[in-house]
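**Q** The structure's right below; bear with me while I get my questions together.
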Amino acid sequence: MKTSATDLELAIQMDEAARVAHELRLKRDKRERNARILKHIFLILVSCVMLYPLFWLLASSFKPENEIFGSLTLWPSEFRLDNYTKGWYALPISFTVFYVNSAIVTGLSVIGNLVSCSFAAYAFARLNFTGRSFFFALMMMTLMIPYHVVLIPQYVQFLNLGWVDTYLPLVVPRFLASDAFFIFLMVQFFRQLPRELDEAAMIDGCSPFKIYWAIILPLSLPAMGTAAIFSLIWVWEDFLAPLIYLNDIKSYTVPLALRLFLDQEGQSAYGQMFAMSVLSLVPVVIFFVLFQKLIVRGIATSGMK
Amino acid sequence: MKRFFARNAPAYVFLLPWLIGFFLLALGPILASLYLSFTRYDMVSAPRWIGWGNYEYMFTRDRRFWKALEVTFTYVALAVPARLIMALGVAMLLDKGLRTIGLYRAIFYLPSLLGASIAIAILWRQLFAADGVVNQVLAMVGIQGASWITDPDTSLYTLVVLAMWQFGSPMLIFLAGLRGIPRDLYEAAEIDGTPGWRQFTRITLPLLAPVIFFNLVLQTIDSFKTFSSAFIISNGTGAPADSLLFYTVYLFNEAFKFFRMGYASALAWFLLVIIAAFTAIAFFTSKYWVHYENERD
């Protein structure tokens, strides 16, 4: 009997302990849920602050001129498209030309980057050759060099070649793998592919070019995609190089055209300037939404901007 | 010899575009700009050797050079920590205790992608204008805002805020780094009753040190190179009162507005030295505060 009494006590104690543990767990769950809700509220607030300028820009592009300033609202009293229709033709040359120019420069540059950088990356990552580590170190060093340091001699060089006021100074360097970032990104990716693939292909008599084309490239589509998107966005937004090399308004890219609006300030065409600014961001935003996963992974693995 | 050639030829064929680019677009121009930095060169007549003249003028007589250094260093000293602290803070919030973070991640990253564009620089000018959005918000809480962009005392801060707004890319790198920290370390600390801030200083910071180091170097180099936004917001001149005279803006104007190519080359070389020095300092000091995973045991 005595034992069963202690058993009973023990049982009661255990029951009590279980109840306390359960309560603690409930409390913890509740605490965690509250913390989560608080976090969400905070993050949503931060998101709103981050996005507000962009939405203000978008809203202002639909507002009549006199409503833009002095108003914080994101909902125009009436949606107007004249900022867009007028803005498109507000400069001496229509934006159609600027967009075609930007598209040419961007398209060629992306192709150049992909071809030349993947060539170099393939050599660095998959081929053994004398001087590999030396050249790789040199390549990494060029990442650090500010564009401004090579700018002047490059300008003199291109001027002597008669390339100023053409797209060659913007495009040709990209075919010579001048954006070493992308070499680095691709090297990181190529290195992860199993070596056995190359070896097996080599035994089957594949040339290095065949291995590059038929094995490495098809397996590296994510890396190539990341490089393509980043170079597309960067070239699209590029300002300094076009500013230096393009003097004729007929050859201007979109960022240069936007700057012309600033020079005309005082004529109070803010709405039109905003409308054209919005349009210039649209391609970037579309690519971001479509390829968000590739972009995020690309940054996490390579640490690009 | 023949075998040497056969072994290396394919690799060098693949490397050829980069090699040409390296010699013609990097090494050649760097050496050329070193030479030009010792000359007077206006692009009309041939460069004329003047020895250390440009550097002497730069360091002893050019007030705007010192102003440009001051502006740029102030910017780097404010913008880099601000951006990194913001990035780390938000990354830590996203890292733990939330189920879906994809949307936040996208929203926070978007400004990094747009931030360098001329459209955003134009937008920034209007946000911080005297009758701009920022001042209207301040007016709602009864604060009379400054004329941020045109006041030399405040103009630089508008660019620091712009830099903070673009905290997304270091945030993504921090997130990847945080994901690499073993969860059981935090659980063990939790059981021991270690308070949160101590978990941060004893677990998160040390284990994240390599990532912090990487971000710090990258962001510092990047901030020294800031150009487009400063150029647009200051109307291409560094105005008001040279308060936005970023080093790169000054260099650009010396070269392409006044065609003092020799002097601008000297400026460019000094920028290279500054960036190289910062990178070197970071690497040399890193062994005292950055410990990599494989060194520990």
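Chain identifiers are assigned as A, B, and so on, following the order in which chains appear in the structure tokens; residues are numbered from 1 within each chain, and ligands are numbered from 1 in order of appearance.
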Find the residues of chain A in contact range of chain B, meaning any atom within 6 Å when counting only C-alpha atoms, and list them as a ChimeraX atom specification.

**A** /A:119-120,123,129,149-150,153,176-177,237,255,277,300,305

**Q** Export, as a short mmCIF file (atom, residue, chain, number, x, y, z; two decimals), in the first residue's frame, the selected residues with N, CA and C atoms.

**A**
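Output saved as out_22.cif:
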```
data_model
loop_
_atom_site.label_atom_id
_atom_site.label_comp_id
_atom_site.auth_asym_id
_atom_site.auth_seq_id
_atom_site.Cartn_x
_atom_site.Cartn_y
_atom_site.Cartn_z
N PHE A 119 34.45 32.43 -71.81
CA PHE A 119 35.71 31.91 -72.36
C PHE A 119 36.81 31.96 -71.30
N ALA A 120 37.02 33.14 -70.76
CA ALA A 120 38.09 33.32 -69.78
C ALA A 120 37.83 32.44 -68.55
N ALA A 123 38.73 28.84 -69.15
CA ALA A 123 40.17 28.61 -69.08
C ALA A 123 40.65 28.60 -67.64
N PHE A 129 47.09 25.33 -67.40
CA PHE A 129 48.07 25.94 -68.29
C PHE A 129 49.10 26.71 -67.49
N VAL A 149 40.53 55.44 -63.28
CA VAL A 149 41.98 55.42 -63.49
C VAL A 149 42.32 55.10 -64.94
N VAL A 150 41.53 54.26 -65.57
CA VAL A 150 41.82 53.89 -66.96
C VAL A 150 41.07 54.79 -67.95
N PRO A 153 43.31 57.53 -70.40
CA PRO A 153 44.04 56.90 -71.51
C PRO A 153 43.11 56.16 -72.47
N LEU A 176 35.94 42.07 -74.83
CA LEU A 176 37.28 41.75 -74.35
C LEU A 176 37.26 41.50 -72.84
N ALA A 177 36.11 41.04 -72.36
CA ALA A 177 35.99 40.62 -70.96
C ALA A 177 36.44 41.69 -69.98
N GLU A 237 21.70 50.98 -67.09
CA GLU A 237 21.77 52.13 -66.19
C GLU A 237 23.07 52.91 -66.33
N PRO A 255 19.67 57.06 -70.14
CA PRO A 255 20.11 57.88 -69.00
C PRO A 255 20.59 59.27 -69.42
N SER A 277 11.33 58.97 -66.35
CA SER A 277 12.13 58.25 -65.36
C SER A 277 11.50 56.90 -65.05
N ALA A 300 24.32 36.13 -53.50
CA ALA A 300 24.72 35.37 -52.33
C ALA A 300 26.00 34.58 -52.62
N LYS A 305 27.35 43.56 -56.34
CA LYS A 305 26.52 44.61 -55.77
C LYS A 305 25.04 44.40 -56.00
#
```

**Q** Taking the chain letters and numbering used in this document, name the residues of range 115-302 of chain A that DSSP puts in alpha helix (DSSP H), as a ChimeraX atom specification.

**A** /A:115-126,132-142,147-160,168-175,180-192,195-203,208-211,217-219,221-237,240-245,254-263,270-290,292-302

**Q** Could you write those residues out with C-alpha atoms, as a tab-separated table (two decimals), in the first residue's frame?

**A**
```tsv
chain	number	residue	atom	x	y	z
A	115	VAL	CA	30.94	35.15	-74.65
A	116	SER	CA	34.23	36.68	-73.56
A	117	CYS	CA	33.78	36.18	-69.81
A	118	SER	CA	32.69	32.57	-70.12
A	119	PHE	CA	35.71	31.91	-72.36
A	120	ALA	CA	38.09	33.32	-69.78
A	121	ALA	CA	36.26	31.65	-66.91
A	122	TYR	CA	36.41	28.29	-68.67
A	123	ALA	CA	40.17	28.61	-69.08
A	124	PHE	CA	40.66	29.65	-65.44
A	125	ALA	CA	38.32	27.07	-63.96
A	126	ARG	CA	38.75	23.98	-66.11
A	132	ARG	CA	47.18	30.20	-64.66
A	133	SER	CA	47.45	31.38	-61.07
A	134	PHE	CA	49.47	34.41	-62.15
A	135	PHE	CA	46.85	35.54	-64.64
A	136	PHE	CA	44.04	34.71	-62.24
A	137	ALA	CA	45.62	36.98	-59.63
A	138	LEU	CA	45.94	39.73	-62.24
A	139	MET	CA	42.29	39.29	-63.15
A	140	MET	CA	41.23	39.59	-59.51
A	141	MET	CA	43.31	42.72	-59.16
A	142	THR	CA	41.54	44.40	-62.04
A	147	TYR	CA	37.17	52.90	-63.83
A	148	HIS	CA	38.34	56.48	-63.44
A	149	VAL	CA	41.98	55.42	-63.49
A	150	VAL	CA	41.82	53.89	-66.96
A	151	LEU	CA	39.28	56.37	-68.24
A	152	ILE	CA	41.56	59.09	-69.60
A	153	PRO	CA	44.04	56.90	-71.51
A	154	GLN	CA	41.12	54.85	-72.82
A	155	TYR	CA	39.45	58.01	-73.99
A	156	VAL	CA	42.61	59.17	-75.76
A	157	GLN	CA	42.98	55.71	-77.31
A	158	PHE	CA	39.41	55.63	-78.61
A	159	LEU	CA	39.63	59.21	-79.79
A	160	ASN	CA	42.70	58.36	-81.86
A	168	LEU	CA	32.35	50.99	-80.17
A	169	PRO	CA	33.94	52.32	-76.93
A	170	LEU	CA	30.88	51.08	-75.03
A	171	VAL	CA	30.59	47.69	-76.70
A	172	VAL	CA	34.05	46.50	-77.77
A	173	PRO	CA	35.51	46.39	-74.23
A	174	ARG	CA	32.73	44.01	-73.26
A	175	PHE	CA	33.84	41.61	-75.99
A	180	ALA	CA	35.99	40.95	-64.64
A	181	PHE	CA	33.16	40.53	-62.14
A	182	PHE	CA	31.44	38.16	-64.48
A	183	ILE	CA	34.59	36.09	-65.00
A	184	PHE	CA	34.78	35.71	-61.25
A	185	LEU	CA	31.11	34.77	-60.99
A	186	MET	CA	31.42	32.15	-63.71
A	187	VAL	CA	34.67	30.72	-62.35
A	188	GLN	CA	32.94	30.16	-59.04
A	189	PHE	CA	30.21	28.25	-60.78
A	190	PHE	CA	32.32	26.30	-63.28
A	191	ARG	CA	34.54	25.04	-60.49
A	192	GLN	CA	31.66	23.25	-58.80
A	195	ARG	CA	35.82	17.16	-63.10
A	196	GLU	CA	34.95	13.65	-64.27
A	197	LEU	CA	32.75	15.16	-66.97
A	198	ASP	CA	35.69	16.83	-68.70
A	199	GLU	CA	37.88	13.78	-68.24
A	200	ALA	CA	35.33	11.41	-69.69
A	201	ALA	CA	34.71	13.74	-72.61
A	202	MET	CA	38.44	14.13	-73.18
A	203	ILE	CA	38.86	10.33	-73.33
A	208	PRO	CA	38.37	21.68	-75.17
A	209	PHE	CA	36.02	23.79	-77.23
A	210	LYS	CA	33.53	20.92	-77.54
A	211	ILE	CA	33.68	20.40	-73.77
A	217	LEU	CA	27.77	25.86	-70.92
A	218	PRO	CA	24.58	23.75	-70.79
A	219	LEU	CA	25.29	22.88	-67.15
A	221	LEU	CA	22.73	28.12	-67.45
A	222	PRO	CA	21.94	29.55	-64.00
A	223	ALA	CA	25.33	31.29	-63.83
A	224	MET	CA	25.03	32.51	-67.39
A	225	GLY	CA	21.53	33.75	-66.65
A	226	THR	CA	22.69	35.63	-63.57
A	227	ALA	CA	25.54	37.23	-65.51
A	228	ALA	CA	23.21	38.14	-68.36
A	229	ILE	CA	20.67	39.83	-66.09
A	230	PHE	CA	23.25	41.75	-64.11
A	231	SER	CA	25.09	42.95	-67.16
A	232	LEU	CA	21.82	43.91	-68.78
A	233	ILE	CA	20.77	46.01	-65.80
A	234	TRP	CA	24.17	47.59	-65.30
A	235	VAL	CA	24.67	48.49	-68.93
A	236	TRP	CA	21.11	49.81	-69.14
A	237	GLU	CA	21.77	52.13	-66.19
A	240	LEU	CA	29.58	57.62	-67.06
A	241	ALA	CA	30.80	55.89	-70.22
A	242	PRO	CA	27.95	57.14	-72.46
A	243	LEU	CA	28.39	60.60	-70.94
A	244	ILE	CA	32.00	60.66	-72.09
A	245	TYR	CA	31.76	58.93	-75.44
A	254	VAL	CA	18.15	56.74	-72.11
A	255	PRO	CA	20.11	57.88	-69.00
A	256	LEU	CA	21.75	60.68	-71.00
A	257	ALA	CA	18.35	61.72	-72.33
A	258	LEU	CA	16.94	61.87	-68.80
A	259	ARG	CA	19.73	64.21	-67.84
A	260	LEU	CA	18.64	66.60	-70.61
A	261	PHE	CA	15.40	67.11	-68.69
A	262	LEU	CA	17.43	68.45	-65.78
A	263	ASP	CA	19.16	70.96	-68.02
A	270	TYR	CA	8.55	67.71	-63.76
A	271	GLY	CA	5.65	65.45	-64.61
A	272	GLN	CA	7.18	64.57	-67.96
A	273	MET	CA	10.59	64.04	-66.43
A	274	PHE	CA	9.07	61.71	-63.85
A	275	ALA	CA	7.10	59.84	-66.49
A	276	MET	CA	10.23	59.19	-68.54
A	277	SER	CA	12.13	58.25	-65.36
A	278	VAL	CA	9.46	55.67	-64.58
A	279	LEU	CA	9.70	54.25	-68.07
A	280	SER	CA	13.48	53.96	-67.81
A	281	LEU	CA	13.08	51.84	-64.67
A	282	VAL	CA	10.41	49.57	-66.11
A	283	PRO	CA	12.76	47.14	-67.89
A	284	VAL	CA	14.87	46.76	-64.76
A	285	VAL	CA	11.85	46.09	-62.56
A	286	ILE	CA	10.41	43.60	-65.04
A	287	PHE	CA	13.68	41.68	-65.19
A	288	PHE	CA	13.94	41.77	-61.44
A	289	VAL	CA	10.46	40.33	-60.96
A	290	LEU	CA	10.98	37.65	-63.60
A	292	GLN	CA	14.44	37.37	-58.85
A	293	LYS	CA	15.66	33.90	-57.83
A	294	LEU	CA	18.67	34.01	-60.14
A	295	ILE	CA	19.57	37.50	-58.98
A	296	VAL	CA	19.35	36.67	-55.29
A	297	ARG	CA	21.39	33.50	-55.68
A	298	GLY	CA	23.94	35.30	-57.83
A	299	ILE	CA	24.59	37.88	-55.14
A	300	ALA	CA	24.72	35.37	-52.33
A	301	THR	CA	27.36	33.28	-54.09
A	302	SER	CA	29.51	35.96	-55.63
```

**Q** Let me make sure I understand: among B:Ala188, B:Arg183, B:Ala280, B:Leu156, which one has the smallest atom-to-atom distance to Glu70 in chain B if we use only C-alpha atoms?

**A**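 For Glu70 in chain B, the nearest of the given residues is B:Leu156.
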
**Q** Name the closest residue to Leu205 in chain B among the candidates B:Ser286, B:Ile181, B:Thr72, B:Leu78; distances are taken between atoms, counting only C-alpha atoms.

**A** B:Ile181

**Q** For CA of Phe62 in chain A and CA of Ala163 in chain B, quote the distance in Å rounded to one decimal.

**A**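 One can read the CA of Phe62 in chain A to CA of Ala163 in chain B distance as 27.4 Å.
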
**Q** Could you pull out all residues of range 24-259 of chain B with a DSSP call of strand (DSSP E or B) and give them as a list in words?

**A**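 Strand (DSSP E or B) members of range 24-259 of chain B, listed: Thr39, Arg40, Arg48 and Trp49 of chain B.
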
**Q** Which of these residues is nearest to Asn253 in chain B, using only C-alpha atoms: B:Val71, B:Arg64, B:Thr150, B:Trp197?

**A**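 Using only C-alpha atoms, Asn253 in chain B sits closest to B:Arg64.
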